[in-house]
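Q: Below you'll find start.csv; it's CSV, C-alpha atoms.
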```csv
chain,number,residue,atom,x,y,z
A,1069,GLY,CA,49.3,8.3,92.0
A,1070,ASN,CA,48.0,11.5,93.5
A,1071,LEU,CA,44.3,12.2,93.8
A,1072,PHE,CA,44.0,14.0,90.5
A,1073,GLU,CA,45.7,11.1,88.6
A,1074,GLN,CA,43.4,8.7,90.5
A,1075,VAL,CA,40.3,10.5,89.3
A,1076,ASP,CA,41.5,10.7,85.7
A,1077,LYS,CA,42.6,7.0,85.7
A,1078,CYS,CA,39.4,5.9,87.2
A,1079,ILE,CA,37.3,7.6,84.6
A,1080,ASP,CA,39.5,6.3,81.8
A,1081,LEU,CA,39.4,2.7,83.2
A,1082,ILE,CA,35.6,2.7,83.7
A,1083,PHE,CA,34.9,4.0,80.2
A,1084,THR,CA,37.5,1.9,78.3
A,1085,LYS,CA,37.2,-1.4,80.1
A,1086,TYR,CA,34.0,-1.8,82.1
A,1087,LEU,CA,31.2,0.1,80.3
A,1088,LYS,CA,29.8,-1.2,77.0
A,1089,ALA,CA,29.5,1.4,74.3
A,1090,ILE,CA,27.0,1.4,71.5
A,1091,ILE,CA,29.0,1.9,68.3
A,1092,SER,CA,27.6,4.0,65.5
A,1093,TYR,CA,29.2,6.0,62.6
A,1094,ASP,CA,29.0,9.6,61.6
A,1095,GLY,CA,30.2,9.3,58.0
A,1096,ILE,CA,33.4,7.3,58.4
A,1097,GLN,CA,34.0,8.4,62.0
A,1098,ARG,CA,33.3,5.8,64.7
A,1099,VAL,CA,31.1,7.2,67.5
A,1100,GLU,CA,30.9,5.4,70.9
A,1101,SER,CA,27.8,6.1,73.0
A,1102,PHE,CA,28.1,5.1,76.6
A,1103,PRO,CA,25.2,4.4,78.9
A,1104,VAL,CA,26.2,7.0,81.5
A,1105,SER,CA,27.3,10.6,81.1
A,1106,GLU,CA,31.1,11.0,81.5
A,1107,LEU,CA,30.5,14.5,82.9
A,1108,ALA,CA,28.1,13.2,85.5
A,1109,PHE,CA,30.4,10.3,86.4
A,1110,ARG,CA,33.4,12.6,86.7
A,1111,GLU,CA,31.4,14.8,89.1
A,1112,ALA,CA,30.3,11.8,91.2
A,1113,ILE,CA,33.9,10.6,91.4
A,1114,ILE,CA,35.2,14.0,92.4
A,1115,ASN,CA,32.5,14.2,95.0
A,1116,ALA,CA,33.4,10.8,96.4
A,1117,VAL,CA,37.1,11.8,96.7
A,1118,VAL,CA,36.5,15.1,98.4
A,1119,HIS,CA,33.8,13.8,100.8
A,1120,LYS,CA,35.4,10.4,101.6
A,1121,ASP,CA,36.1,9.6,105.2
A,1122,TYR,CA,39.9,8.9,105.0
A,1123,SER,CA,40.1,7.8,108.6
A,1124,GLU,CA,38.6,4.5,107.4
A,1125,LEU,CA,40.7,2.4,105.1
A,1126,THR,CA,37.7,1.4,103.0
A,1127,PRO,CA,38.2,2.5,99.4
A,1128,ILE,CA,35.6,4.2,97.2
A,1129,GLN,CA,33.8,1.4,95.4
A,1130,ILE,CA,32.4,1.3,91.9
A,1131,SER,CA,30.2,-1.5,90.6
A,1132,VAL,CA,29.2,-1.8,87.0
A,1133,TYR,CA,26.2,-4.0,86.1
A,1134,ASP,CA,24.3,-4.6,82.8
A,1135,ASP,CA,21.7,-2.0,83.8
A,1136,LYS,CA,23.4,0.4,86.2
A,1137,LEU,CA,26.6,1.8,87.7
A,1138,LEU,CA,27.0,2.3,91.4
A,1139,ILE,CA,29.5,4.5,93.3
A,1140,TRP,CA,29.8,4.3,97.1
A,1141,ASN,CA,32.0,6.1,99.6
A,1142,THR,CA,32.2,6.2,103.4
A,1143,GLY,CA,31.7,9.9,103.7
A,1144,GLU,CA,28.8,11.1,105.9
A,1145,LEU,CA,26.4,13.9,105.4
A,1146,PRO,CA,26.6,16.9,107.8
A,1147,ASP,CA,24.4,16.7,110.9
A,1148,LYS,CA,20.6,16.9,110.2
A,1149,TRP,CA,21.2,16.7,106.4
A,1150,THR,CA,19.2,14.3,104.2
A,1151,ILE,CA,19.3,13.3,100.6
A,1152,GLU,CA,16.6,15.9,100.1
A,1153,THR,CA,18.9,18.6,101.5
A,1154,LEU,CA,21.5,17.6,99.0
A,1155,LYS,CA,19.0,17.9,96.1
A,1156,GLN,CA,18.1,21.5,97.1
A,1157,LYS,CA,20.2,24.6,97.0
A,1158,HIS,CA,22.6,24.2,100.0
A,1159,PRO,CA,25.8,25.5,101.3
A,1160,SER,CA,29.0,23.6,100.7
A,1161,LYS,CA,30.2,21.6,103.6
A,1162,PRO,CA,33.0,19.4,102.3
A,1163,TYR,CA,33.9,16.4,104.5
A,1164,ASN,CA,37.6,17.2,103.6
A,1165,PRO,CA,37.8,21.0,103.2
A,1166,ALA,CA,41.6,20.9,102.4
A,1167,ILE,CA,41.2,18.3,99.6
A,1168,ALA,CA,38.1,20.1,98.3
A,1169,ASN,CA,40.0,23.4,98.2
A,1170,VAL,CA,42.9,21.9,96.2
A,1171,PHE,CA,40.4,20.4,93.7
A,1172,PHE,CA,38.8,23.8,93.4
A,1173,LEU,CA,42.1,25.6,92.9
A,1174,ALA,CA,43.1,23.0,90.3
A,1175,GLY,CA,39.8,23.6,88.4
A,1176,PHE,CA,38.2,20.2,89.1
A,1177,ILE,CA,35.5,21.9,91.1
A,1178,GLU,CA,33.9,24.9,89.4
A,1179,SER,CA,31.5,26.0,92.2
A,1180,TRP,CA,30.8,25.0,95.8
A,1181,GLY,CA,27.7,23.0,96.8
A,1182,ARG,CA,26.6,22.1,93.3
A,1183,GLY,CA,27.9,18.6,92.9
A,1184,ILE,CA,24.7,16.7,93.3
A,1185,ASP,CA,22.9,19.2,91.1
A,1186,LYS,CA,25.5,18.9,88.4
A,1187,ILE,CA,25.4,15.0,88.5
A,1188,THR,CA,21.6,15.2,88.2
A,1189,GLN,CA,21.5,17.8,85.4
A,1190,GLU,CA,24.2,16.1,83.3
A,1191,SER,CA,22.5,12.7,83.7
A,1192,GLU,CA,19.1,14.0,82.8
A,1193,LYS,CA,20.5,15.9,79.8
A,1194,PHE,CA,22.4,12.8,78.7
A,1195,ASN,CA,19.8,10.1,78.9
A,1196,HIS,CA,16.8,11.6,80.7
A,1197,ILE,CA,17.4,9.5,83.7
A,1198,THR,CA,17.8,11.0,87.2
A,1199,PRO,CA,20.4,9.2,89.3
A,1200,ASN,CA,19.4,7.8,92.7
A,1201,PHE,CA,21.1,8.9,95.9
A,1202,ARG,CA,20.9,7.1,99.2
A,1203,ILE,CA,22.6,6.8,102.5
A,1204,ASP,CA,23.5,3.3,103.7
A,1205,ASN,CA,26.8,3.2,105.6
A,1206,GLY,CA,28.0,6.0,103.3
A,1207,LEU,CA,26.7,7.7,100.2
A,1208,TRP,CA,25.5,5.7,97.2
A,1209,VAL,CA,25.1,7.2,93.7
A,1210,GLU,CA,23.2,5.0,91.3
A,1211,PHE,CA,23.3,5.7,87.5
A,1212,ASN,CA,20.6,3.6,85.8
A,1213,PHE,CA,21.1,3.0,82.1
A,1214,ASN,CA,18.6,3.6,79.3
A,1215,MET,CA,17.9,0.0,78.4
A,1216,ASP,CA,15.9,1.1,75.3
A,1217,ALA,CA,19.0,2.7,73.9
A,1218,ASN,CA,21.0,-0.5,74.6
A,1219,ARG,CA,18.4,-2.7,72.9
A,1220,LEU,CA,18.4,-0.3,69.9
A,1221,GLY,CA,22.2,-0.9,69.6
A,1222,GLU,CA,21.7,-4.7,69.8
A,1223,LYS,CA,18.9,-4.5,67.2
A,1224,PHE,CA,21.1,-2.4,64.9
A,1225,GLY,CA,24.0,-4.9,65.4
A,1226,GLU,CA,21.6,-7.8,64.5
A,1227,LYS,CA,20.3,-6.0,61.4
A,1228,PHE,CA,23.8,-5.0,60.3
A,1229,GLY,CA,25.0,-8.6,60.8
A,1230,GLU,CA,22.0,-10.0,58.8
A,1231,LYS,CA,22.7,-7.5,56.0
A,1232,PHE,CA,26.4,-8.2,56.0
A,1233,GLY,CA,25.8,-12.0,56.0
A,1234,GLU,CA,23.6,-11.6,52.9
A,1235,LYS,CA,26.4,-10.4,50.7
```
Once you've parsed the file, please lay out its structure as structure tokens.
A:
Amino acid sequence: GNLFEQVDKCIDLIFTKYLKAIISYDGIQRVESFPVSELAFREAIINAVVHKDYSELTPIQISVYDDKLLIWNTGELPDKWTIETLKQKHPSKPYNPAIANVFFLAGFIESWGRGIDKITQESEKFNHITPNFRIDNGLWVEFNFNMDANRLGEKFGEKFGEKFGEK
């Protein structure tokens, strides 16, 4: 599909097939709580798409583990930029300005130069964990999961199972 469809399908696939949700209920309504913010993940995927080096045939890579989710792409930072530069207020210098502009016009990007900030803010708001960013043959984004929340869900499931088994 086109890049917009790829972003949407990627988000849907990761959240429906690869991430484990903690299930709870609000009245009779089932509530799924995922270990990573969908908004932060969405922003990270869009950043990966607009900053990817398409001259290389290496795809964007996403790895899901029990305790974290990693996103990697081949895009490079502008000259003399570091991860610290990305974390501060900075001008927008998309690796692919034409793709970035189309994503902006389509409403996938709300403002220029705020992607890393949005990823960080959404993650911290969601689970109080700041994602890690690093450069190693491309840009890595690492979302660590709140393992205490996962253990709480496991304990709830065990207690629920014990209670259900008693009847």
Q: Near Thr1142 in chain A, within 7 Å and counting all atoms listed in the file, which residues show up once chain neighbours fewer than 6 positions away are dropped, as a list of chain:residue names?
A: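 The contact residues come out as A:Lys1120, A:Asp1121, A:Asn1205, A:Gly1206, A:Leu1207.
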Q: When you count all atoms listed in the file, which of these residues is closest to Gln1189 in chain A: A:Phe1102, A:Asp1080, A:Gly1095, A:Ala1108?
A: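 Using all atoms listed in the file, the shortest distance to Gln1189 in chain A belongs to A:Ala1108.
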Q: For a test of reading the model, state the distance in Å between CA of Asp1185 in chain A and CA of Thr1198 in chain A, rounded to one decimal.
A: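 If I compute the distance from CA of Asp1185 in chain A to CA of Thr1198 in chain A, I get 10.4 Å.
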Q: CA of Asp1147 in chain A to CA of Val1117 in chain A: how many Å, to one decimal?
A: 19.7 Å
Q: With only C-alpha atoms as the basis for distance, which of A:Ile1082, A:Ile1114, A:Ile1091, A:Asn1200 is at the shortest distance from Ile1130 in chain A?
A: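 Closest to Ile1130 in chain A, using only C-alpha atoms: A:Ile1082.
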Q: Go through A:Leu1145, A:Val1118, A:Ile1151, A:Leu1137 one by one, measure the shortest atom-to-atom distance of each to Trp1180 in chain A using all atoms listed in the file, and give the residue with the smallest value.
A: A:Val1118
Q: Within 10 Å of range 1163-1177 of chain A, counting only C-alpha atoms, which residues qualify if same-chain residues fewer than 4 places away don't, as a VMD selection string?
A: chain A and resid 1071 to 1072 1075 1110 to 1111 1114 to 1122 1143 to 1146 1181 to 1183
Q: Just the number, please: distance in Å from CA of Ser1160 in chain A to CA of Glu1073 in chain A, one decimal.
A: 24.1 Å
Q: Which one is closest to Thr1150 in chain A: A:Glu1106, A:Asp1204, A:Asp1134, A:Glu1192? Count only C-alpha atoms.
A: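 Nearest to Thr1150 in chain A: A:Asp1204.
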Q: Hey, could you patch up range 1191-1209 of chain A with N, CA, C and O atoms and hand it over as an mmCIF file, in the coordinates of the input?
A:
```
data_model
loop_
_atom_site.group_PDB
_atom_site.id
_atom_site.type_symbol
_atom_site.label_atom_id
_atom_site.label_comp_id
_atom_site.auth_asym_id
_atom_site.auth_seq_id
_atom_site.Cartn_x
_atom_site.Cartn_y
_atom_site.Cartn_z
ATOM 1 N N SER A 1191 23.130 14.009 83.937
ATOM 2 C CA SER A 1191 22.500 12.700 83.700
ATOM 3 C C SER A 1191 21.187 12.891 82.924
ATOM 4 O O SER A 1191 20.907 12.188 81.939
ATOM 5 N N GLU A 1192 20.368 13.816 83.401
ATOM 6 C CA GLU A 1192 19.100 14.000 82.800
ATOM 7 C C GLU A 1192 19.246 14.564 81.338
ATOM 8 O O GLU A 1192 18.513 14.168 80.432
ATOM 9 N N LYS A 1193 20.235 15.427 81.130
ATOM 10 C CA LYS A 1193 20.500 15.900 79.800
ATOM 11 C C LYS A 1193 21.023 14.821 78.876
ATOM 12 O O LYS A 1193 20.669 14.754 77.705
ATOM 13 N N PHE A 1194 21.812 13.916 79.446
ATOM 14 C CA PHE A 1194 22.400 12.800 78.700
ATOM 15 C C PHE A 1194 21.467 11.751 78.265
ATOM 16 O O PHE A 1194 21.402 11.363 77.113
ATOM 17 N N ASN A 1195 20.704 11.214 79.235
ATOM 18 C CA ASN A 1195 19.800 10.100 78.900
ATOM 19 C C ASN A 1195 18.425 10.192 79.545
ATOM 20 O O ASN A 1195 17.685 9.216 79.568
ATOM 21 N N HIS A 1196 18.092 11.380 80.061
ATOM 22 C CA HIS A 1196 16.800 11.600 80.700
ATOM 23 C C HIS A 1196 16.479 10.774 81.877
ATOM 24 O O HIS A 1196 15.324 10.529 82.197
ATOM 25 N N ILE A 1197 17.529 10.299 82.544
ATOM 26 C CA ILE A 1197 17.400 9.500 83.700
ATOM 27 C C ILE A 1197 18.020 10.180 84.916
ATOM 28 O O ILE A 1197 19.192 10.547 84.858
ATOM 29 N N THR A 1198 17.241 10.367 85.984
ATOM 30 C CA THR A 1198 17.800 11.000 87.200
ATOM 31 C C THR A 1198 18.471 9.933 88.042
ATOM 32 O O THR A 1198 17.889 8.883 88.321
ATOM 33 N N PRO A 1199 19.719 10.179 88.438
ATOM 34 C CA PRO A 1199 20.400 9.200 89.300
ATOM 35 C C PRO A 1199 19.735 9.130 90.666
ATOM 36 O O PRO A 1199 19.081 10.077 91.101
ATOM 37 N N ASN A 1200 19.904 8.003 91.309
ATOM 38 C CA ASN A 1200 19.400 7.800 92.700
ATOM 39 C C ASN A 1200 20.519 8.023 93.660
ATOM 40 O O ASN A 1200 21.651 7.607 93.417
ATOM 41 N N PHE A 1201 20.188 8.646 94.771
ATOM 42 C CA PHE A 1201 21.100 8.900 95.900
ATOM 43 C C PHE A 1201 20.544 8.271 97.118
ATOM 44 O O PHE A 1201 19.350 8.427 97.362
ATOM 45 N N ARG A 1202 21.366 7.598 97.906
ATOM 46 C CA ARG A 1202 20.900 7.100 99.200
ATOM 47 C C ARG A 1202 22.018 6.961 100.168
ATOM 48 O O ARG A 1202 23.184 6.875 99.786
ATOM 49 N N ILE A 1203 21.641 6.980 101.441
ATOM 50 C CA ILE A 1203 22.600 6.800 102.500
ATOM 51 C C ILE A 1203 22.441 5.414 103.082
ATOM 52 O O ILE A 1203 21.340 5.005 103.447
ATOM 53 N N ASP A 1204 23.528 4.664 103.112
ATOM 54 C CA ASP A 1204 23.500 3.300 103.700
ATOM 55 C C ASP A 1204 25.009 3.013 104.009
ATOM 56 O O ASP A 1204 25.753 2.578 103.141
ATOM 57 N N ASN A 1205 25.426 3.322 105.239
ATOM 58 C CA ASN A 1205 26.800 3.200 105.600
ATOM 59 C C ASN A 1205 27.752 3.992 104.715
ATOM 60 O O ASN A 1205 28.858 3.580 104.404
ATOM 61 N N GLY A 1206 27.295 5.111 104.254
ATOM 62 C CA GLY A 1206 28.000 6.000 103.300
ATOM 63 C C GLY A 1206 27.023 6.445 102.265
ATOM 64 O O GLY A 1206 25.824 6.182 102.335
ATOM 65 N N LEU A 1207 27.520 7.157 101.280
ATOM 66 C CA LEU A 1207 26.700 7.700 100.200
ATOM 67 C C LEU A 1207 26.774 6.849 98.965
ATOM 68 O O LEU A 1207 27.877 6.546 98.500
ATOM 69 N N TRP A 1208 25.623 6.465 98.432
ATOM 70 C CA TRP A 1208 25.500 5.700 97.200
ATOM 71 C C TRP A 1208 25.005 6.653 96.085
ATOM 72 O O TRP A 1208 24.076 7.414 96.310
ATOM 73 N N VAL A 1209 25.594 6.554 94.911
ATOM 74 C CA VAL A 1209 25.100 7.200 93.700
ATOM 75 C C VAL A 1209 24.806 6.077 92.718
ATOM 76 O O VAL A 1209 25.698 5.272 92.435
#
```
